[in-house]
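S.K.: Pasting query.txt here (compact mmCIF, C-alpha atoms):
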```txt
# COMPACT_ATOMS: atom_id res chain seq x y z
CA ASP A 1 8.88 10.72 -2.48
CA THR A 2 7.14 12.09 0.57
CA GLY A 3 4.71 9.21 0.80
CA VAL A 4 0.94 8.99 0.64
CA SER A 5 -0.78 11.31 3.11
CA GLN A 6 -4.32 11.15 4.42
CA ASN A 7 -6.37 13.65 6.37
CA PRO A 8 -7.81 13.64 8.88
CA ARG A 9 -6.15 10.77 10.70
CA HIS A 10 -9.11 10.31 13.00
CA LYS A 11 -12.75 11.32 12.65
CA ILE A 12 -15.55 10.83 15.15
CA THR A 13 -19.02 11.63 13.90
CA LYS A 14 -22.60 11.04 14.84
CA ARG A 15 -24.82 8.72 12.89
CA GLY A 16 -26.48 10.52 10.01
CA GLN A 17 -23.73 13.09 9.48
CA ASN A 18 -21.69 13.42 6.30
CA VAL A 19 -17.90 13.02 6.36
CA THR A 20 -15.18 13.64 3.80
CA PHE A 21 -11.66 12.26 3.75
CA ARG A 22 -8.73 13.42 1.67
CA CYS A 23 -5.85 11.47 0.16
CA ASP A 24 -2.72 12.98 -1.39
CA PRO A 25 -0.84 10.35 -3.39
CA ILE A 26 2.87 10.23 -4.06
CA SER A 27 3.73 12.88 -6.63
CA GLU A 28 3.26 11.73 -10.23
CA HIS A 29 1.54 8.48 -9.22
CA ASN A 30 -1.32 8.31 -11.67
CA ARG A 31 -3.26 5.50 -10.00
CA LEU A 32 -5.03 5.97 -6.70
CA TYR A 33 -6.93 3.37 -4.68
CA TRP A 34 -9.32 3.44 -1.74
CA TYR A 35 -9.73 0.49 0.65
CA ARG A 36 -11.68 -0.04 3.84
CA GLN A 37 -10.43 -2.12 6.76
CA THR A 38 -12.49 -3.24 9.74
CA LEU A 39 -11.01 -4.59 12.94
CA GLY A 40 -9.31 -7.95 12.53
CA GLN A 41 -9.84 -8.06 8.79
CA GLY A 42 -7.70 -7.35 5.77
CA PRO A 43 -8.41 -4.26 3.68
CA GLU A 44 -11.25 -4.46 1.15
CA PHE A 45 -11.09 -2.68 -2.17
CA LEU A 46 -13.54 0.19 -2.69
CA THR A 47 -12.52 2.02 -5.87
CA TYR A 48 -9.61 3.20 -8.00
CA PHE A 49 -8.71 6.07 -10.28
CA GLN A 50 -6.37 6.37 -13.20
CA ASN A 51 -5.65 10.08 -13.33
CA GLU A 52 -9.08 11.70 -12.88
CA ALA A 53 -11.09 8.76 -14.25
CA GLN A 54 -12.78 6.42 -11.78
CA LEU A 55 -12.30 3.06 -13.49
CA GLU A 56 -13.57 0.51 -11.02
CA LYS A 57 -15.96 0.48 -8.08
CA SER A 58 -16.66 -2.31 -5.63
CA ARG A 59 -20.16 -3.34 -4.70
CA LEU A 60 -19.16 -2.27 -1.19
CA LEU A 61 -19.37 1.32 -2.43
CA SER A 62 -23.04 1.97 -1.78
CA ASP A 63 -24.94 5.02 -3.01
CA ARG A 64 -23.94 6.83 0.17
CA PHE A 65 -20.28 6.71 -0.86
CA SER A 66 -18.73 8.90 -3.50
CA ALA A 67 -15.13 9.40 -4.52
CA GLU A 68 -13.56 12.02 -6.71
CA ARG A 69 -10.16 12.90 -8.09
CA PRO A 70 -10.94 16.13 -9.91
CA LYS A 71 -7.52 17.06 -11.26
CA GLY A 72 -5.87 13.70 -11.19
CA SER A 73 -3.90 14.60 -8.06
CA PHE A 74 -5.56 14.36 -4.61
CA SER A 75 -8.75 12.40 -4.04
CA THR A 76 -11.69 12.74 -1.68
CA LEU A 77 -13.98 10.05 -0.32
CA GLU A 78 -17.33 11.24 1.01
CA ILE A 79 -19.76 9.21 3.06
CA GLN A 80 -23.26 10.59 3.37
CA ARG A 81 -25.69 9.79 6.18
CA THR A 82 -23.09 7.75 8.06
CA GLU A 83 -24.12 4.52 9.79
CA GLN A 84 -22.41 2.69 12.63
CA GLY A 85 -21.37 0.00 10.18
CA ASP A 86 -19.24 2.59 8.37
CA SER A 87 -16.83 2.65 11.33
CA ALA A 88 -13.53 1.45 9.92
CA MET A 89 -10.07 2.49 8.79
CA TYR A 90 -10.16 4.03 5.32
CA LEU A 91 -6.89 3.50 3.48
CA CYS A 92 -5.59 5.16 0.37
CA ALA A 93 -2.84 3.82 -1.87
CA SER A 94 -1.11 5.03 -4.99
CA ARG A 95 0.91 3.49 -7.78
CA ARG A 96 3.06 5.06 -10.45
CA THR A 97 2.69 4.53 -14.18
CA GLY A 98 4.55 1.39 -15.16
CA GLY A 99 5.04 0.35 -11.57
CA HIS A 100 3.42 -2.56 -9.77
CA GLU A 101 3.65 -1.80 -6.06
CA GLN A 102 0.89 -0.03 -4.24
CA TYR A 103 2.07 2.40 -1.54
CA PHE A 104 -0.33 2.97 1.30
CA GLY A 105 -1.03 5.99 3.44
CA PRO A 106 -1.51 5.92 7.23
CA GLY A 107 -5.29 5.74 6.93
CA THR A 108 -8.24 7.68 8.35
CA ARG A 109 -9.96 5.98 11.27
CA LEU A 110 -13.69 6.73 11.28
CA THR A 111 -15.83 6.16 14.34
CA VAL A 112 -19.58 6.61 13.98
CA THR A 113 -21.41 6.98 17.30
CA LYS B 1 -13.94 -13.84 -6.64
CA GLN B 2 -10.40 -14.35 -5.40
CA GLU B 3 -10.24 -15.59 -1.82
CA VAL B 4 -7.05 -15.28 0.19
CA THR B 5 -6.30 -17.26 3.33
CA GLN B 6 -3.41 -16.79 5.72
CA ILE B 7 -2.21 -19.39 8.16
CA PRO B 8 -1.51 -19.21 11.04
CA ALA B 9 -3.67 -16.34 12.28
CA ALA B 10 -1.22 -15.69 15.09
CA LEU B 11 2.33 -16.77 15.79
CA SER B 12 4.63 -16.24 18.76
CA VAL B 13 8.34 -17.07 18.47
CA PRO B 14 11.50 -16.42 20.49
CA GLU B 15 13.95 -13.90 19.12
CA GLY B 16 16.41 -15.31 16.61
CA GLU B 17 14.13 -17.98 15.24
CA ASN B 18 13.48 -18.39 11.53
CA LEU B 19 9.81 -18.51 10.59
CA VAL B 20 7.44 -19.01 7.67
CA LEU B 21 4.12 -17.33 7.06
CA ASN B 22 1.70 -18.92 4.62
CA CYS B 23 -0.73 -17.45 2.12
CA SER B 24 -3.07 -19.35 -0.19
CA PHE B 25 -5.37 -18.07 -2.91
CA THR B 26 -8.17 -19.69 -4.88
CA ASP B 27 -7.64 -18.29 -8.41
CA SER B 28 -4.20 -19.07 -9.82
CA ALA B 29 -4.60 -16.51 -12.66
CA ILE B 30 -2.90 -13.76 -10.71
CA TYR B 31 -1.09 -10.67 -11.95
CA ASN B 32 1.04 -10.21 -8.86
CA LEU B 33 1.21 -10.80 -5.12
CA GLN B 34 2.38 -8.33 -2.50
CA TRP B 35 3.32 -8.86 1.14
CA PHE B 36 2.70 -6.02 3.59
CA ARG B 37 3.42 -5.31 7.21
CA GLN B 38 0.93 -3.44 9.40
CA ASP B 39 1.68 -2.11 12.86
CA PRO B 40 -1.30 -1.59 15.23
CA GLY B 41 -3.49 1.31 14.15
CA LYS B 42 -1.22 2.16 11.24
CA GLY B 43 -1.21 1.91 7.48
CA LEU B 44 0.46 -0.79 5.40
CA THR B 45 4.16 -0.96 4.60
CA SER B 46 5.10 -2.82 1.44
CA LEU B 47 7.64 -5.60 2.01
CA LEU B 48 7.92 -7.56 -1.21
CA LEU B 49 6.08 -7.80 -4.51
CA ILE B 50 6.24 -10.85 -6.75
CA GLN B 51 5.09 -10.67 -10.35
CA SER B 52 3.21 -13.69 -11.74
CA SER B 53 6.24 -14.66 -13.83
CA GLN B 54 8.57 -14.72 -10.81
CA ARG B 55 9.15 -17.48 -8.28
CA GLU B 56 10.65 -15.48 -5.42
CA GLN B 57 11.85 -12.10 -4.20
CA THR B 58 14.31 -11.29 -1.45
CA SER B 59 14.92 -8.21 0.65
CA GLY B 60 17.33 -8.40 3.56
CA ARG B 61 16.08 -11.04 6.00
CA LEU B 62 12.85 -11.53 4.05
CA ASN B 63 12.22 -13.97 1.24
CA ALA B 64 8.88 -14.45 -0.47
CA SER B 65 8.09 -17.31 -2.80
CA LEU B 66 5.22 -17.86 -5.21
CA ASP B 67 3.78 -21.10 -6.56
CA LYS B 68 0.92 -20.11 -8.82
CA SER B 69 -0.07 -23.62 -9.79
CA SER B 70 -0.76 -24.58 -6.18
CA GLY B 71 -2.11 -21.14 -5.25
CA ARG B 72 0.45 -20.54 -2.52
CA SER B 73 2.98 -18.00 -1.34
CA THR B 74 5.25 -18.05 1.68
CA LEU B 75 7.06 -15.28 3.49
CA TYR B 76 10.25 -16.43 5.18
CA ILE B 77 11.72 -14.26 7.93
CA ALA B 78 15.24 -15.12 9.02
CA ALA B 79 16.69 -14.44 12.46
CA SER B 80 13.54 -12.79 13.79
CA GLN B 81 13.80 -9.67 15.97
CA PRO B 82 11.33 -8.03 18.39
CA GLY B 83 10.97 -5.19 15.87
CA ASP B 84 9.45 -7.70 13.43
CA SER B 85 6.37 -7.94 15.65
CA ALA B 86 3.42 -6.81 13.53
CA THR B 87 0.60 -8.16 11.40
CA TYR B 88 1.70 -9.49 8.02
CA LEU B 89 -0.79 -9.28 5.17
CA CYS B 90 -0.75 -11.07 1.85
CA ALA B 91 -2.53 -9.41 -1.08
CA VAL B 92 -3.24 -10.86 -4.51
CA SER B 93 -4.20 -9.01 -7.67
CA THR B 94 -5.60 -10.52 -10.85
CA THR B 95 -5.53 -7.28 -12.83
CA GLY B 96 -2.73 -5.26 -11.27
CA ASN B 97 -5.25 -2.95 -9.64
CA GLN B 98 -7.73 -4.36 -7.15
CA PHE B 99 -5.97 -6.28 -4.39
CA TYR B 100 -7.63 -9.09 -2.47
CA PHE B 101 -6.23 -9.32 1.05
CA GLY B 102 -6.02 -12.10 3.56
CA THR B 103 -6.87 -11.47 7.20
CA GLY B 104 -3.22 -11.48 8.18
CA THR B 105 -0.86 -13.27 10.53
CA SER B 106 -0.17 -11.52 13.82
CA LEU B 107 3.49 -12.10 14.70
CA THR B 108 5.00 -11.61 18.14
CA VAL B 109 8.75 -12.01 18.56
CA ILE B 110 9.66 -12.50 22.21
CA PRO B 111 13.00 -11.00 23.35
```
Show me the file's structure as structure tokens.
M.R.:
Amino acid sequence: DTGVSQNPRHKITKRGQNVTFRCDPISEHNRLYWYRQTLGQGPEFLTYFQNEAQLEKSRLLSDRFSAERPKGSFSTLEIQRTEQGDSAMYLCASRRTGGHEQYFGPGTRLTVT
Amino acid sequence: KQEVTQIPAALSVPEGENLVLNCSFTDSAIYNLQWFRQDPGKGLTSLLLIQSSQREQTSGRLNASLDKSSGRSTLYIAASQPGDSATYLCAVSTTGNQFYFGTGTSLTVIP
């Protein structure tokens, strides 16, 4: 396994701009999760996919947020009209069928100025 | 909603000491519990996962225990080393999918 990868690792954007992050899970992991972590806090669940189906979404995922996993492999998380409160580390995790552990990527740190 | 608390928030120990990190959760109907390590500015590294039917898991110098009835888990680190310095996060799942995380314990091991 090569591990979960996320791109970009860092993103600085101006308020009001749209941003998109990508997550590549471990090969053949059918479940993919997105979390958000602000400074000094633990990660908070945003959404998860089983293959290409988005099965659960947190109330934290406002209308400005959208996530996709079109072919059941990589996933993208888009934030529209970014706000300063969106500044955080966005973490992606994956889990294989029949497994229980979630494996996390290195995260994308978003700074909204 | 599951709430997870970790005590202490920060801990500083001399190298070689054994230590215990605590995690408590409000809903005992859990599916599993996972302990992670996070280095500054980095992602999470899985340390141990305990299924709801298990009482403990061990990996090297780490031992995690689970007491569902009291809503508690502990992470025991034996013979601590400076390389153990990191933030340790406890995460609880009631469904096997969404994890609820604590705010972590920041550990510093002094050489």
S.K.: When you count all atoms listed in the file, which of these residues is closest to chain B: A:Ser66, A:Gln80, A:Thr38, A:Asn51?
M.R.: A:Thr38
S.K.: Would you kindly identify which residues have an atom no farther than 10 Å from (-23.6, -0.7, 17.3), using only C-alpha atoms and the file's own coordinates, and write them out as a PyMOL selection string?
M.R.: chain A and resi 83-85+87+112-113
S.K.: Would you please work out which residue, of B:Leu49, B:Gln81, B:Gly96, B:Ala9, is nearest to Tyr33 in chain A when using all atoms listed in the file?
M.R.: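 Checking each candidate against Tyr33 in chain A, we get B:Gly96 as the closest.
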S.K.: Compute the chain A side of the contact with chain B at 8 Å, counting all atoms listed in the file, and hand it back as a VMD selection string.
M.R.: chain A and resid 40 to 45 48 91 100 to 107
S.K.: Scan for residues within 10 Å of the point (3.0, -21.8, 14.6) in the coordinates of the file, using all atoms listed in the file, and reply as a PyMOL selection string.
M.R.: chain B and resi 7-13+19-21+107
S.K.: With 8 Å added on each side, what axis-aligned box encloses every listed atom of range 36-55 of chain B? Give the centre and edge lengths in Å to one decimal, as AutoDock Vina command-line options.
M.R.:
```
--center_x 2.8 --center_y -7.7 --center_z 0.7 --size_x 28.6 --size_y 35.6 --size_z 45.1
```
S.K.: Quick one: everything within 6 Å of range 62-77 of chain B, counting all atoms listed in the file, minus sequence neighbours fewer than 4 positions away in the same chain. Send it as a list in words.
M.R.: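 Everything that qualifies: Asn18, Leu19, Val20, Leu21, Asn22, Cys23, Ser24, Phe25, Ser28, Arg55, Glu56, Gln57 and Thr58 of chain B.
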S.K.: Do you have the CA of Ala29 in chain B-CA of Gln54 in chain B distance handy?
M.R.: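 About the pair CA of Ala29 in chain B and CA of Gln54 in chain B: they are 13.4 Å apart.
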S.K.: Using only C-alpha atoms, which residue out of A:Arg81, A:Lys71, A:Arg22, A:Arg31 lies closest to Gln50 in chain A?
M.R.: A:Arg31
S.K.: Near Phe65 in chain A, counting all atoms listed in the file, which residues have an atom at most 12 Å away, once you skip same-chain residues fewer than 5 positions from it, shown as a VMD selection string?
M.R.: chain A and resid 18 to 21 34 36 46 to 47 57 to 60 76 to 83 86
S.K.: Using Å and a single decimal, report how far CA of Ala67 in chain A sits from CA of His10 in chain A.
M.R.: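 Between CA of His10 in chain A and CA of Ala67 in chain A the gap works out to 18.5 Å.
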S.K.: By how many Å are CA of Ser62 in chain A and CA of Leu110 in chain A apart?
M.R.: 16.8 Å
S.K.: Nearest residue to Ala88 in chain A out of A:Ile12, A:Ala53, A:Ile26, A:Leu32, using all atoms listed in the file?
M.R.: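 Smallest distance to Ala88 in chain A is found for A:Ile12.
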S.K.: Can you work out which one of B:Val92, B:Ile30, B:Ala86, B:Ala78 has the shortest atom-to-atom distance to Thr5 in chain B, counting only C-alpha atoms?
M.R.: B:Val92
S.K.: Could you tell me which of B:Ala79, B:Gln2, B:Trp35, B:Gly16 comes closest to Thr95 in chain B if we count all atoms listed in the file?
M.R.: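 For Thr95 in chain B, the nearest of the candidates is B:Gln2.
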S.K.: Identify, on the basis of all atoms listed in the file, every residue whose closest approach to Thr108 in chain A does not exceed 7 Å; exclude the query and any residue fewer than 3 positions from it along the same chain; express the result as a PyMOL selection string.
M.R.: chain A and resi 6-10+89-91
